[in-house]
$ cat model23.cif   # mmCIF, N, CA and C atoms
data_coords
loop_
_atom_site.label_atom_id
_atom_site.label_comp_id
_atom_site.auth_asym_id
_atom_site.auth_seq_id
_atom_site.Cartn_x
_atom_site.Cartn_y
_atom_site.Cartn_z
N MET Y 1 175.79 363.30 -57.61
CA MET Y 1 174.48 362.79 -57.29
C MET Y 1 174.35 362.66 -55.77
N LEU Y 2 173.27 363.19 -55.24
CA LEU Y 2 173.00 363.10 -53.81
C LEU Y 2 172.22 361.84 -53.47
N VAL Y 3 172.53 361.27 -52.30
CA VAL Y 3 171.80 360.11 -51.80
C VAL Y 3 171.51 360.31 -50.31
N ARG Y 4 170.51 359.57 -49.85
CA ARG Y 4 170.20 359.51 -48.42
C ARG Y 4 170.25 358.05 -48.00
N LEU Y 5 170.94 357.79 -46.91
CA LEU Y 5 171.07 356.44 -46.38
C LEU Y 5 170.59 356.47 -44.93
N LEU Y 6 169.78 355.49 -44.58
CA LEU Y 6 169.27 355.36 -43.22
C LEU Y 6 169.67 353.99 -42.69
N TYR Y 7 170.28 353.96 -41.52
CA TYR Y 7 170.68 352.69 -40.94
C TYR Y 7 170.39 352.68 -39.45
N ALA Y 8 170.38 351.50 -38.89
CA ALA Y 8 170.26 351.31 -37.44
C ALA Y 8 171.44 350.47 -36.99
N SER Y 9 171.84 350.68 -35.74
CA SER Y 9 172.87 349.83 -35.13
C SER Y 9 172.67 349.82 -33.63
N ARG Y 10 173.23 348.82 -33.02
CA ARG Y 10 173.27 348.76 -31.56
C ARG Y 10 174.66 349.21 -31.15
N VAL Y 11 174.71 350.04 -30.15
CA VAL Y 11 175.97 350.62 -29.71
C VAL Y 11 176.47 349.84 -28.50
N LYS Y 12 177.72 349.40 -28.58
CA LYS Y 12 178.29 348.61 -27.48
C LYS Y 12 178.41 349.44 -26.22
N ASP Y 13 178.82 350.69 -26.34
CA ASP Y 13 179.00 351.57 -25.18
C ASP Y 13 178.10 352.78 -25.38
N ALA Y 14 176.95 352.80 -24.71
CA ALA Y 14 175.98 353.88 -24.87
C ALA Y 14 176.07 354.90 -23.75
N THR Y 15 177.24 355.03 -23.13
CA THR Y 15 177.40 356.04 -22.09
C THR Y 15 177.40 357.42 -22.74
N PRO Y 16 177.02 358.45 -22.00
CA PRO Y 16 177.03 359.80 -22.58
C PRO Y 16 178.38 360.20 -23.17
N ASP Y 17 179.47 359.82 -22.54
CA ASP Y 17 180.79 360.15 -23.07
C ASP Y 17 181.05 359.48 -24.42
N ALA Y 18 180.66 358.22 -24.53
CA ALA Y 18 180.86 357.49 -25.79
C ALA Y 18 180.01 358.09 -26.92
N ILE Y 19 178.76 358.43 -26.61
CA ILE Y 19 177.88 359.06 -27.61
C ILE Y 19 178.46 360.41 -28.03
N ASP Y 20 178.90 361.20 -27.06
CA ASP Y 20 179.49 362.50 -27.37
C ASP Y 20 180.72 362.37 -28.26
N LYS Y 21 181.52 361.34 -28.03
CA LYS Y 21 182.73 361.13 -28.84
C LYS Y 21 182.35 360.83 -30.29
N ILE Y 22 181.35 359.96 -30.47
CA ILE Y 22 180.89 359.63 -31.83
C ILE Y 22 180.36 360.87 -32.53
N LEU Y 23 179.55 361.66 -31.82
CA LEU Y 23 179.00 362.89 -32.40
C LEU Y 23 180.10 363.89 -32.73
N SER Y 24 181.06 364.03 -31.84
CA SER Y 24 182.16 364.96 -32.07
C SER Y 24 182.96 364.56 -33.31
N GLN Y 25 183.22 363.27 -33.46
CA GLN Y 25 183.95 362.80 -34.64
C GLN Y 25 183.15 363.08 -35.91
N SER Y 26 181.84 362.85 -35.86
CA SER Y 26 180.99 363.10 -37.02
C SER Y 26 181.00 364.57 -37.40
N ARG Y 27 180.87 365.42 -36.39
CA ARG Y 27 180.80 366.86 -36.66
C ARG Y 27 182.12 367.41 -37.19
N SER Y 28 183.23 366.79 -36.83
CA SER Y 28 184.52 367.28 -37.35
C SER Y 28 184.84 366.68 -38.72
N HIS Y 29 184.40 365.47 -38.99
CA HIS Y 29 184.71 364.78 -40.24
C HIS Y 29 183.73 365.13 -41.37
N ASN Y 30 182.45 365.24 -41.06
CA ASN Y 30 181.43 365.34 -42.11
C ASN Y 30 181.50 366.59 -42.98
N PRO Y 31 181.78 367.77 -42.45
CA PRO Y 31 181.79 368.95 -43.33
C PRO Y 31 182.78 368.84 -44.49
N SER Y 32 183.93 368.26 -44.25
CA SER Y 32 184.94 368.17 -45.32
C SER Y 32 184.54 367.20 -46.42
N THR Y 33 183.61 366.28 -46.12
CA THR Y 33 183.17 365.31 -47.12
C THR Y 33 181.78 365.65 -47.67
N GLY Y 34 181.19 366.75 -47.19
CA GLY Y 34 179.88 367.16 -47.68
C GLY Y 34 178.73 366.34 -47.12
N ILE Y 35 178.96 365.66 -46.02
CA ILE Y 35 177.92 364.82 -45.43
C ILE Y 35 177.15 365.59 -44.37
N THR Y 36 175.83 365.47 -44.43
CA THR Y 36 174.94 366.02 -43.42
C THR Y 36 174.07 364.88 -42.90
N GLY Y 37 173.39 365.12 -41.78
CA GLY Y 37 172.54 364.07 -41.29
C GLY Y 37 172.00 364.32 -39.91
N ILE Y 38 171.39 363.27 -39.37
CA ILE Y 38 170.79 363.33 -38.05
C ILE Y 38 170.99 361.97 -37.38
N LEU Y 39 171.25 362.00 -36.09
CA LEU Y 39 171.47 360.79 -35.31
C LEU Y 39 170.48 360.79 -34.15
N CYS Y 40 169.76 359.70 -34.02
CA CYS Y 40 168.81 359.53 -32.94
C CYS Y 40 169.25 358.31 -32.14
N TYR Y 41 169.27 358.41 -30.81
CA TYR Y 41 169.67 357.26 -30.03
C TYR Y 41 168.78 357.10 -28.81
N GLY Y 42 168.61 355.85 -28.42
CA GLY Y 42 167.83 355.51 -27.24
C GLY Y 42 167.88 354.02 -27.02
N GLY Y 43 167.98 353.62 -25.78
CA GLY Y 43 168.00 352.20 -25.46
C GLY Y 43 169.15 351.46 -26.10
N GLY Y 44 170.27 352.15 -26.31
CA GLY Y 44 171.43 351.51 -26.92
C GLY Y 44 171.35 351.36 -28.42
N ILE Y 45 170.36 351.99 -29.04
CA ILE Y 45 170.17 351.89 -30.49
C ILE Y 45 170.42 353.23 -31.14
N PHE Y 46 171.15 353.21 -32.25
CA PHE Y 46 171.33 354.38 -33.10
C PHE Y 46 170.41 354.25 -34.30
N LEU Y 47 169.78 355.34 -34.67
CA LEU Y 47 169.07 355.46 -35.93
C LEU Y 47 169.66 356.70 -36.58
N GLN Y 48 170.29 356.52 -37.73
CA GLN Y 48 170.99 357.64 -38.34
C GLN Y 48 170.65 357.75 -39.81
N ALA Y 49 170.40 358.99 -40.24
CA ALA Y 49 170.25 359.31 -41.66
C ALA Y 49 171.47 360.13 -42.05
N ILE Y 50 172.09 359.75 -43.15
CA ILE Y 50 173.22 360.51 -43.67
C ILE Y 50 172.93 360.84 -45.13
N GLU Y 51 173.30 362.06 -45.50
CA GLU Y 51 173.06 362.55 -46.85
C GLU Y 51 174.35 363.14 -47.42
N GLY Y 52 174.47 363.05 -48.72
CA GLY Y 52 175.63 363.62 -49.39
C GLY Y 52 175.84 362.95 -50.73
N GLY Y 53 177.03 363.13 -51.28
CA GLY Y 53 177.37 362.47 -52.53
C GLY Y 53 177.40 360.96 -52.34
N ARG Y 54 177.08 360.24 -53.40
CA ARG Y 54 176.99 358.78 -53.30
C ARG Y 54 178.28 358.16 -52.79
N GLY Y 55 179.42 358.58 -53.32
CA GLY Y 55 180.70 358.01 -52.90
C GLY Y 55 180.99 358.24 -51.43
N PRO Y 56 180.95 359.49 -50.96
CA PRO Y 56 181.23 359.74 -49.55
C PRO Y 56 180.24 359.06 -48.59
N VAL Y 57 178.96 359.02 -48.96
CA VAL Y 57 177.97 358.36 -48.09
C VAL Y 57 178.24 356.86 -48.03
N ASN Y 58 178.50 356.25 -49.18
CA ASN Y 58 178.79 354.82 -49.20
C ASN Y 58 180.06 354.50 -48.41
N GLU Y 59 181.07 355.35 -48.55
CA GLU Y 59 182.32 355.14 -47.82
C GLU Y 59 182.10 355.25 -46.31
N LEU Y 60 181.34 356.25 -45.89
CA LEU Y 60 181.06 356.41 -44.46
C LEU Y 60 180.29 355.22 -43.92
N TYR Y 61 179.29 354.75 -44.67
CA TYR Y 61 178.52 353.59 -44.21
C TYR Y 61 179.42 352.36 -44.09
N GLY Y 62 180.34 352.19 -45.01
CA GLY Y 62 181.29 351.09 -44.93
C GLY Y 62 182.15 351.18 -43.67
N MET Y 63 182.56 352.39 -43.32
CA MET Y 63 183.35 352.59 -42.10
C MET Y 63 182.51 352.28 -40.85
N ILE Y 64 181.25 352.67 -40.87
CA ILE Y 64 180.36 352.39 -39.73
C ILE Y 64 180.19 350.88 -39.55
N GLN Y 65 180.04 350.17 -40.66
CA GLN Y 65 179.88 348.71 -40.59
C GLN Y 65 181.09 348.04 -39.95
N LYS Y 66 182.27 348.62 -40.15
CA LYS Y 66 183.50 348.03 -39.59
C LYS Y 66 183.85 348.58 -38.21
N ASP Y 67 183.15 349.63 -37.77
CA ASP Y 67 183.45 350.29 -36.51
C ASP Y 67 183.11 349.36 -35.34
N PRO Y 68 184.06 349.01 -34.50
CA PRO Y 68 183.80 348.08 -33.40
C PRO Y 68 182.84 348.62 -32.34
N ARG Y 69 182.52 349.90 -32.39
CA ARG Y 69 181.56 350.46 -31.44
C ARG Y 69 180.12 350.13 -31.82
N HIS Y 70 179.91 349.66 -33.05
CA HIS Y 70 178.57 349.34 -33.56
C HIS Y 70 178.40 347.83 -33.73
N GLU Y 71 177.22 347.35 -33.39
CA GLU Y 71 176.83 345.96 -33.65
C GLU Y 71 175.50 345.98 -34.40
N GLN Y 72 175.21 344.90 -35.10
CA GLN Y 72 173.95 344.74 -35.82
C GLN Y 72 173.65 345.95 -36.70
N VAL Y 73 174.63 346.38 -37.46
CA VAL Y 73 174.42 347.49 -38.39
C VAL Y 73 173.52 346.99 -39.52
N GLU Y 74 172.40 347.68 -39.70
CA GLU Y 74 171.43 347.24 -40.70
C GLU Y 74 170.98 348.42 -41.55
N LEU Y 75 171.11 348.26 -42.86
CA LEU Y 75 170.65 349.27 -43.80
C LEU Y 75 169.12 349.23 -43.83
N LEU Y 76 168.48 350.38 -43.58
CA LEU Y 76 167.02 350.45 -43.55
C LEU Y 76 166.44 351.08 -44.81
N TYR Y 77 167.19 352.03 -45.39
CA TYR Y 77 166.63 352.77 -46.52
C TYR Y 77 167.78 353.45 -47.26
N TYR Y 78 167.69 353.48 -48.58
CA TYR Y 78 168.71 354.12 -49.41
C TYR Y 78 168.00 354.66 -50.64
N GLU Y 79 168.23 355.95 -50.94
CA GLU Y 79 167.58 356.52 -52.11
C GLU Y 79 168.41 357.65 -52.71
N GLU Y 80 168.25 357.84 -54.00
CA GLU Y 80 168.79 359.01 -54.66
C GLU Y 80 167.84 360.16 -54.35
N ILE Y 81 168.41 361.34 -54.09
CA ILE Y 81 167.57 362.49 -53.72
C ILE Y 81 167.93 363.70 -54.57
N SER Y 82 166.96 364.60 -54.71
CA SER Y 82 167.22 365.83 -55.46
C SER Y 82 167.64 366.96 -54.52
N GLU Y 83 167.31 366.81 -53.24
CA GLU Y 83 167.71 367.81 -52.25
C GLU Y 83 167.80 367.16 -50.88
N ARG Y 84 168.55 367.80 -50.00
CA ARG Y 84 168.75 367.28 -48.65
C ARG Y 84 167.58 367.69 -47.74
N ARG Y 85 167.24 366.81 -46.82
CA ARG Y 85 166.28 367.15 -45.77
C ARG Y 85 167.00 367.61 -44.52
N PHE Y 86 168.24 367.18 -44.35
CA PHE Y 86 169.01 367.50 -43.15
C PHE Y 86 170.25 368.33 -43.52
N GLY Y 87 170.08 369.20 -44.51
CA GLY Y 87 171.20 369.96 -45.05
C GLY Y 87 171.83 370.95 -44.09
N GLY Y 88 171.09 371.39 -43.08
CA GLY Y 88 171.63 372.35 -42.14
C GLY Y 88 172.34 371.73 -40.96
N TRP Y 89 172.59 370.43 -41.03
CA TRP Y 89 173.16 369.71 -39.89
C TRP Y 89 174.43 368.99 -40.31
N THR Y 90 175.54 369.18 -39.59
CA THR Y 90 176.68 368.32 -39.83
C THR Y 90 176.40 366.98 -39.15
N MET Y 91 175.71 367.01 -38.01
CA MET Y 91 175.15 365.81 -37.40
C MET Y 91 174.26 366.24 -36.24
N GLY Y 92 172.96 366.34 -36.51
CA GLY Y 92 172.00 366.67 -35.46
C GLY Y 92 171.84 365.50 -34.52
N GLN Y 93 171.41 365.77 -33.31
CA GLN Y 93 171.34 364.75 -32.27
C GLN Y 93 169.98 364.80 -31.59
N VAL Y 94 169.38 363.64 -31.38
CA VAL Y 94 168.13 363.52 -30.64
C VAL Y 94 168.37 362.56 -29.49
N ASN Y 95 168.06 363.00 -28.29
CA ASN Y 95 168.14 362.12 -27.12
C ASN Y 95 166.72 361.73 -26.75
N LEU Y 96 166.36 360.48 -27.02
CA LEU Y 96 164.99 360.04 -26.82
C LEU Y 96 164.57 360.01 -25.35
N SER Y 97 165.52 359.99 -24.44
CA SER Y 97 165.15 359.96 -23.03
C SER Y 97 164.49 361.26 -22.60
N LYS Y 98 164.64 362.31 -23.40
CA LYS Y 98 164.05 363.61 -23.08
C LYS Y 98 162.89 363.95 -24.00
N LEU Y 99 162.36 362.97 -24.69
CA LEU Y 99 161.35 363.19 -25.71
C LEU Y 99 159.98 362.74 -25.22
N ASN Y 100 158.94 363.43 -25.66
CA ASN Y 100 157.57 363.02 -25.38
C ASN Y 100 157.32 361.68 -26.08
N THR Y 101 156.91 360.68 -25.32
CA THR Y 101 156.75 359.33 -25.88
C THR Y 101 155.63 359.25 -26.92
N SER Y 102 154.74 360.22 -26.94
CA SER Y 102 153.65 360.17 -27.92
C SER Y 102 154.18 360.22 -29.35
N ILE Y 103 155.33 360.88 -29.56
CA ILE Y 103 155.92 360.90 -30.91
C ILE Y 103 156.37 359.50 -31.30
N LEU Y 104 156.98 358.78 -30.38
CA LEU Y 104 157.41 357.41 -30.68
C LEU Y 104 156.21 356.50 -30.92
N LEU Y 105 155.16 356.66 -30.12
CA LEU Y 105 153.97 355.82 -30.28
C LEU Y 105 153.26 356.07 -31.61
N LYS Y 106 153.42 357.23 -32.15
CA LYS Y 106 152.82 357.53 -33.45
C LYS Y 106 153.36 356.61 -34.53
N TYR Y 107 154.62 356.18 -34.39
CA TYR Y 107 155.29 355.40 -35.42
C TYR Y 107 155.62 353.96 -35.02
N SER Y 108 155.26 353.56 -33.82
CA SER Y 108 155.68 352.25 -33.33
C SER Y 108 154.65 351.67 -32.38
N GLU Y 109 154.77 350.37 -32.13
CA GLU Y 109 153.84 349.70 -31.22
C GLU Y 109 154.10 350.09 -29.77
N ARG Y 110 155.34 350.40 -29.44
CA ARG Y 110 155.71 350.74 -28.06
C ARG Y 110 156.43 352.08 -28.05
N PRO Y 111 156.44 352.76 -26.91
CA PRO Y 111 157.10 354.07 -26.84
C PRO Y 111 158.61 353.97 -26.67
N GLU Y 112 159.24 353.27 -27.59
CA GLU Y 112 160.69 353.14 -27.57
C GLU Y 112 161.21 353.07 -28.99
N LEU Y 113 162.46 353.41 -29.15
CA LEU Y 113 163.08 353.39 -30.47
C LEU Y 113 163.42 351.95 -30.83
N ASP Y 114 162.81 351.44 -31.90
CA ASP Y 114 163.14 350.11 -32.40
C ASP Y 114 163.03 350.10 -33.92
N PRO Y 115 164.02 350.68 -34.60
CA PRO Y 115 163.96 350.73 -36.07
C PRO Y 115 164.04 349.35 -36.71
N TYR Y 116 164.43 348.34 -35.96
CA TYR Y 116 164.49 346.98 -36.49
C TYR Y 116 163.08 346.41 -36.68
N ALA Y 117 162.08 347.01 -36.03
CA ALA Y 117 160.72 346.48 -36.05
C ALA Y 117 159.79 347.23 -36.99
N VAL Y 118 160.28 348.30 -37.63
CA VAL Y 118 159.45 349.08 -38.54
C VAL Y 118 160.19 349.27 -39.86
N SER Y 119 159.48 349.76 -40.86
CA SER Y 119 160.10 349.96 -42.16
C SER Y 119 161.05 351.16 -42.13
N GLY Y 120 161.92 351.21 -43.11
CA GLY Y 120 162.82 352.34 -43.24
C GLY Y 120 162.07 353.63 -43.47
N LYS Y 121 160.98 353.58 -44.23
CA LYS Y 121 160.19 354.79 -44.48
C LYS Y 121 159.56 355.31 -43.19
N VAL Y 122 159.13 354.41 -42.31
CA VAL Y 122 158.57 354.82 -41.03
C VAL Y 122 159.65 355.47 -40.17
N SER Y 123 160.82 354.89 -40.15
CA SER Y 123 161.93 355.47 -39.38
C SER Y 123 162.31 356.84 -39.91
N LEU Y 124 162.31 357.01 -41.23
CA LEU Y 124 162.61 358.31 -41.82
C LEU Y 124 161.53 359.33 -41.45
N ALA Y 125 160.27 358.92 -41.45
CA ALA Y 125 159.18 359.81 -41.05
C ALA Y 125 159.34 360.25 -39.60
N LEU Y 126 159.77 359.34 -38.73
CA LEU Y 126 160.03 359.69 -37.34
C LEU Y 126 161.12 360.76 -37.25
N LEU Y 127 162.22 360.57 -37.97
CA LEU Y 127 163.30 361.56 -37.94
C LEU Y 127 162.82 362.92 -38.45
N GLU Y 128 162.01 362.91 -39.49
CA GLU Y 128 161.50 364.17 -40.04
C GLU Y 128 160.60 364.87 -39.02
N GLU Y 129 159.79 364.12 -38.29
CA GLU Y 129 158.94 364.74 -37.28
C GLU Y 129 159.78 365.28 -36.12
N LEU Y 130 160.80 364.56 -35.74
CA LEU Y 130 161.68 365.06 -34.68
C LEU Y 130 162.33 366.37 -35.10
N MET Y 131 162.70 366.46 -36.37
CA MET Y 131 163.29 367.70 -36.87
C MET Y 131 162.24 368.81 -36.88
N ALA Y 132 161.03 368.51 -37.32
CA ALA Y 132 159.97 369.51 -37.40
C ALA Y 132 159.52 370.02 -36.04
N THR Y 133 159.66 369.19 -35.01
CA THR Y 133 159.23 369.58 -33.67
C THR Y 133 160.38 370.12 -32.84
N ALA Y 134 161.50 370.42 -33.49
CA ALA Y 134 162.67 371.01 -32.82
C ALA Y 134 163.17 370.14 -31.68
N SER Y 135 163.13 368.84 -31.88
CA SER Y 135 163.62 367.90 -30.87
C SER Y 135 165.09 367.57 -31.07
N ILE Y 136 165.74 368.26 -32.00
CA ILE Y 136 167.11 367.95 -32.37
C ILE Y 136 168.03 369.05 -31.87
N ILE Y 137 169.18 368.66 -31.35
CA ILE Y 137 170.19 369.64 -30.93
C ILE Y 137 171.44 369.42 -31.77
N GLY Y 138 172.30 370.40 -31.77
CA GLY Y 138 173.59 370.25 -32.44
C GLY Y 138 173.64 370.83 -33.82
N ARG Y 139 172.74 371.75 -34.16
CA ARG Y 139 172.75 372.35 -35.50
C ARG Y 139 174.05 373.12 -35.71
N VAL Y 140 174.64 372.95 -36.85
CA VAL Y 140 175.87 373.66 -37.16
C VAL Y 140 175.69 374.40 -38.46
#

$ encode --input "model23.cif" --output "structure tokens"
Amino acid sequence: MLVRLLYASRVKDATPDAIDKILSQSRSHNPSTGITGILCYGGGIFLQAIEGGRGPVNELYGMIQKDPRHEQVELLYYEEISERRFGGWTMGQVNLSKLNTSILLKYSERPELDPYAVSGKVSLALLEELMATASIIGRV
């Protein structure tokens, strides 16, 4: 059974090297567990959707909750799915500092990433638009 999980967290170290390390680990670990997804970051906040089998997704989320690099890990949305939306990505990446702010304003009160202030469905819609507008890098 496939599931999609969406969570937000604050990253203790949001330097480019630290973000690259997290992405590199995801891209090397996820294919062997059948996990796909997308990671969006800005202002020290991660918004991530992960998809795959229920067991592997739940296990990965548990590891993220315990990861000392993350604070305020919050589950935003969880659903059983019939197909993946991010199936072509081991872990796609969006850097909001290089994004047109009008996309963020479409889904939020301010032109900044704040998934803590909107619903999980709104955050998922934002990720889908970022994917549709080719704002994501790192396709594998």

$ residues_around --input "model23.cif" --residues "region 30-36 of chain Y" --least-positions-apart "3" --cutoff "8 Å" --atoms "only N, CA and C atoms" --output "list of chain:residue names"
Y:Ser24, Y:Gln25, Y:Ser26, Y:Arg27, Y:Leu39, Y:Ala49, Y:Ile50, Y:Glu51, Y:Gly52, Y:Gly53, Y:Pro56, Y:Val57, Y:Arg85, Y:Phe86, Y:Gly87, Y:Gly88, Y:Trp89, Y:Thr90, Y:Met91, Y:Gly92

$ select_by_dssp --input "model23.cif" --residues "region 64-117 of chain Y" --states "alpha helix (DSSP H)" --output "list in words"
Ile64, Gln65, Lys66, Thr101, Ser102, Ile103, Leu104, Leu105, Lys106 and Tyr107 of chain Y

$ atom_distance --input "model23.cif" --atom1 "atom N of Pro68 (chain Y)" --atom2 "CA of Gly42 (chain Y)"
18.9 Å

$ closest_residue --input "model23.cif" --among "Y:Asn100, Y:Gly55, Y:Lys106, Y:His70" --to "Asp13 (chain Y)" --atoms "all atoms listed in the file"
Y:His70

$ resolve_selection --input "model23.cif" --expression "the PyMOL selection byres ((chain Y and resi 47) around 7)" --output "MDAnalysis selection string"
chainID Y and resid 6:9 38:42 45:46 48:49 115

$ residues_around --input "model23.cif" --residues "Asp114 (chain Y)" --least-positions-apart "3" --cutoff "8 Å" --atoms "all atoms listed in the file" --output "list in words"
Gly42, Ile45, Ser108, Arg110, Pro111, Ala117, Val118, Ser119 and Ser123 of chain Y

$ select_by_dssp --input "model23.cif" --residues "chain Y" --states "strand (DSSP E)" --output "ChimeraX atom specification"
/Y:2-11,36-42,45-53,70-81,92-95

$ write_last_selection --input "model23.cif" --atoms "N, CA and C atoms" --output "tab-separated table (two decimals), in the frame of the given file"
chain	number	residue	atom	x	y	z
Y	2	LEU	N	173.27	363.19	-55.24
Y	2	LEU	CA	173.00	363.10	-53.81
Y	2	LEU	C	172.22	361.84	-53.47
Y	3	VAL	N	172.53	361.27	-52.30
Y	3	VAL	CA	171.80	360.11	-51.80
Y	3	VAL	C	171.51	360.31	-50.31
Y	4	ARG	N	170.51	359.57	-49.85
Y	4	ARG	CA	170.20	359.51	-48.42
Y	4	ARG	C	170.25	358.05	-48.00
Y	5	LEU	N	170.94	357.79	-46.91
Y	5	LEU	CA	171.07	356.44	-46.38
Y	5	LEU	C	170.59	356.47	-44.93
Y	6	LEU	N	169.78	355.49	-44.58
Y	6	LEU	CA	169.27	355.36	-43.22
Y	6	LEU	C	169.67	353.99	-42.69
Y	7	TYR	N	170.28	353.96	-41.52
Y	7	TYR	CA	170.68	352.69	-40.94
Y	7	TYR	C	170.39	352.68	-39.45
Y	8	ALA	N	170.38	351.50	-38.89
Y	8	ALA	CA	170.26	351.31	-37.44
Y	8	ALA	C	171.44	350.47	-36.99
Y	9	SER	N	171.84	350.68	-35.74
Y	9	SER	CA	172.87	349.83	-35.13
Y	9	SER	C	172.67	349.82	-33.63
Y	10	ARG	N	173.23	348.82	-33.02
Y	10	ARG	CA	173.27	348.76	-31.56
Y	10	ARG	C	174.66	349.21	-31.15
Y	11	VAL	N	174.71	350.04	-30.15
Y	11	VAL	CA	175.97	350.62	-29.71
Y	11	VAL	C	176.47	349.84	-28.50
Y	36	THR	N	175.83	365.47	-44.43
Y	36	THR	CA	174.94	366.02	-43.42
Y	36	THR	C	174.07	364.88	-42.90
Y	37	GLY	N	173.39	365.12	-41.78
Y	37	GLY	CA	172.54	364.07	-41.29
Y	37	GLY	C	172.00	364.32	-39.91
Y	38	ILE	N	171.39	363.27	-39.37
Y	38	ILE	CA	170.79	363.33	-38.05
Y	38	ILE	C	170.99	361.97	-37.38
Y	39	LEU	N	171.25	362.00	-36.09
Y	39	LEU	CA	171.47	360.79	-35.31
Y	39	LEU	C	170.48	360.79	-34.15
Y	40	CYS	N	169.76	359.70	-34.02
Y	40	CYS	CA	168.81	359.53	-32.94
Y	40	CYS	C	169.25	358.31	-32.14
Y	41	TYR	N	169.27	358.41	-30.81
Y	41	TYR	CA	169.67	357.26	-30.03
Y	41	TYR	C	168.78	357.10	-28.81
Y	42	GLY	N	168.61	355.85	-28.42
Y	42	GLY	CA	167.83	355.51	-27.24
Y	42	GLY	C	167.88	354.02	-27.02
Y	45	ILE	N	170.36	351.99	-29.04
Y	45	ILE	CA	170.17	351.89	-30.49
Y	45	ILE	C	170.42	353.23	-31.14
Y	46	PHE	N	171.15	353.21	-32.25
Y	46	PHE	CA	171.33	354.38	-33.10
Y	46	PHE	C	170.41	354.25	-34.30
Y	47	LEU	N	169.78	355.34	-34.67
Y	47	LEU	CA	169.07	355.46	-35.93
Y	47	LEU	C	169.66	356.70	-36.58
Y	48	GLN	N	170.29	356.52	-37.73
Y	48	GLN	CA	170.99	357.64	-38.34
Y	48	GLN	C	170.65	357.75	-39.81
Y	49	ALA	N	170.40	358.99	-40.24
Y	49	ALA	CA	170.25	359.31	-41.66
Y	49	ALA	C	171.47	360.13	-42.05
Y	50	ILE	N	172.09	359.75	-43.15
Y	50	ILE	CA	173.22	360.51	-43.67
Y	50	ILE	C	172.93	360.84	-45.13
Y	51	GLU	N	173.30	362.06	-45.50
Y	51	GLU	CA	173.06	362.55	-46.85
Y	51	GLU	C	174.35	363.14	-47.42
Y	52	GLY	N	174.47	363.05	-48.72
Y	52	GLY	CA	175.63	363.62	-49.39
Y	52	GLY	C	175.84	362.95	-50.73
Y	53	GLY	N	177.03	363.13	-51.28
Y	53	GLY	CA	177.37	362.47	-52.53
Y	53	GLY	C	177.40	360.96	-52.34
Y	70	HIS	N	179.91	349.66	-33.05
Y	70	HIS	CA	178.57	349.34	-33.56
Y	70	HIS	C	178.40	347.83	-33.73
Y	71	GLU	N	177.22	347.35	-33.39
Y	71	GLU	CA	176.83	345.96	-33.65
Y	71	GLU	C	175.50	345.98	-34.40
Y	72	GLN	N	175.21	344.90	-35.10
Y	72	GLN	CA	173.95	344.74	-35.82
Y	72	GLN	C	173.65	345.95	-36.70
Y	73	VAL	N	174.63	346.38	-37.46
Y	73	VAL	CA	174.42	347.49	-38.39
Y	73	VAL	C	173.52	346.99	-39.52
Y	74	GLU	N	172.40	347.68	-39.70
Y	74	GLU	CA	171.43	347.24	-40.70
Y	74	GLU	C	170.98	348.42	-41.55
Y	75	LEU	N	171.11	348.26	-42.86
Y	75	LEU	CA	170.65	349.27	-43.80
Y	75	LEU	C	169.12	349.23	-43.83
Y	76	LEU	N	168.48	350.38	-43.58
Y	76	LEU	CA	167.02	350.45	-43.55
Y	76	LEU	C	166.44	351.08	-44.81
Y	77	TYR	N	167.19	352.03	-45.39
Y	77	TYR	CA	166.63	352.77	-46.52
Y	77	TYR	C	167.78	353.45	-47.26
Y	78	TYR	N	167.69	353.48	-48.58
Y	78	TYR	CA	168.71	354.12	-49.41
Y	78	TYR	C	168.00	354.66	-50.64
Y	79	GLU	N	168.23	355.95	-50.94
Y	79	GLU	CA	167.58	356.52	-52.11
Y	79	GLU	C	168.41	357.65	-52.71
Y	80	GLU	N	168.25	357.84	-54.00
Y	80	GLU	CA	168.79	359.01	-54.66
Y	80	GLU	C	167.84	360.16	-54.35
Y	81	ILE	N	168.41	361.34	-54.09
Y	81	ILE	CA	167.57	362.49	-53.72
Y	81	ILE	C	167.93	363.70	-54.57
Y	92	GLY	N	172.96	366.34	-36.51
Y	92	GLY	CA	172.00	366.67	-35.46
Y	92	GLY	C	171.84	365.50	-34.52
Y	93	GLN	N	171.41	365.77	-33.31
Y	93	GLN	CA	171.34	364.75	-32.27
Y	93	GLN	C	169.98	364.80	-31.59
Y	94	VAL	N	169.38	363.64	-31.38
Y	94	VAL	CA	168.13	363.52	-30.64
Y	94	VAL	C	168.37	362.56	-29.49
Y	95	ASN	N	168.06	363.00	-28.29
Y	95	ASN	CA	168.14	362.12	-27.12
Y	95	ASN	C	166.72	361.73	-26.75

$ axis_aligned_box --input "model23.cif" --around "region 80-90 of chain Y" --padding-each-side "6 Å" --output "AutoDock Vina command-line options"
--center_x 171.5 --center_y 365.1 --center_z -47.3 --size_x 22.4 --size_y 26.5 --size_z 28.3

$ atom_distance --input "model23.cif" --atom1 "atom N of Leu127 (chain Y)" --atom2 "CA of Arg54 (chain Y)"
21.4 Å

$ atom_distance --input "model23.cif" --atom1 "CA of Ser102 (chain Y)" --atom2 "CA of Glu71 (chain Y)"
27.8 Å

$ resolve_selection --input "model23.cif" --expression "the PyMOL selection byres ((chain Y and resi 2) around 6.5)" --output "list of chain:residue names"
Y:Met1, Y:Val3, Y:Arg4, Y:Gly52, Y:Gly53, Y:Arg54, Y:Glu79, Y:Glu80, Y:Ile81, Y:Ser82
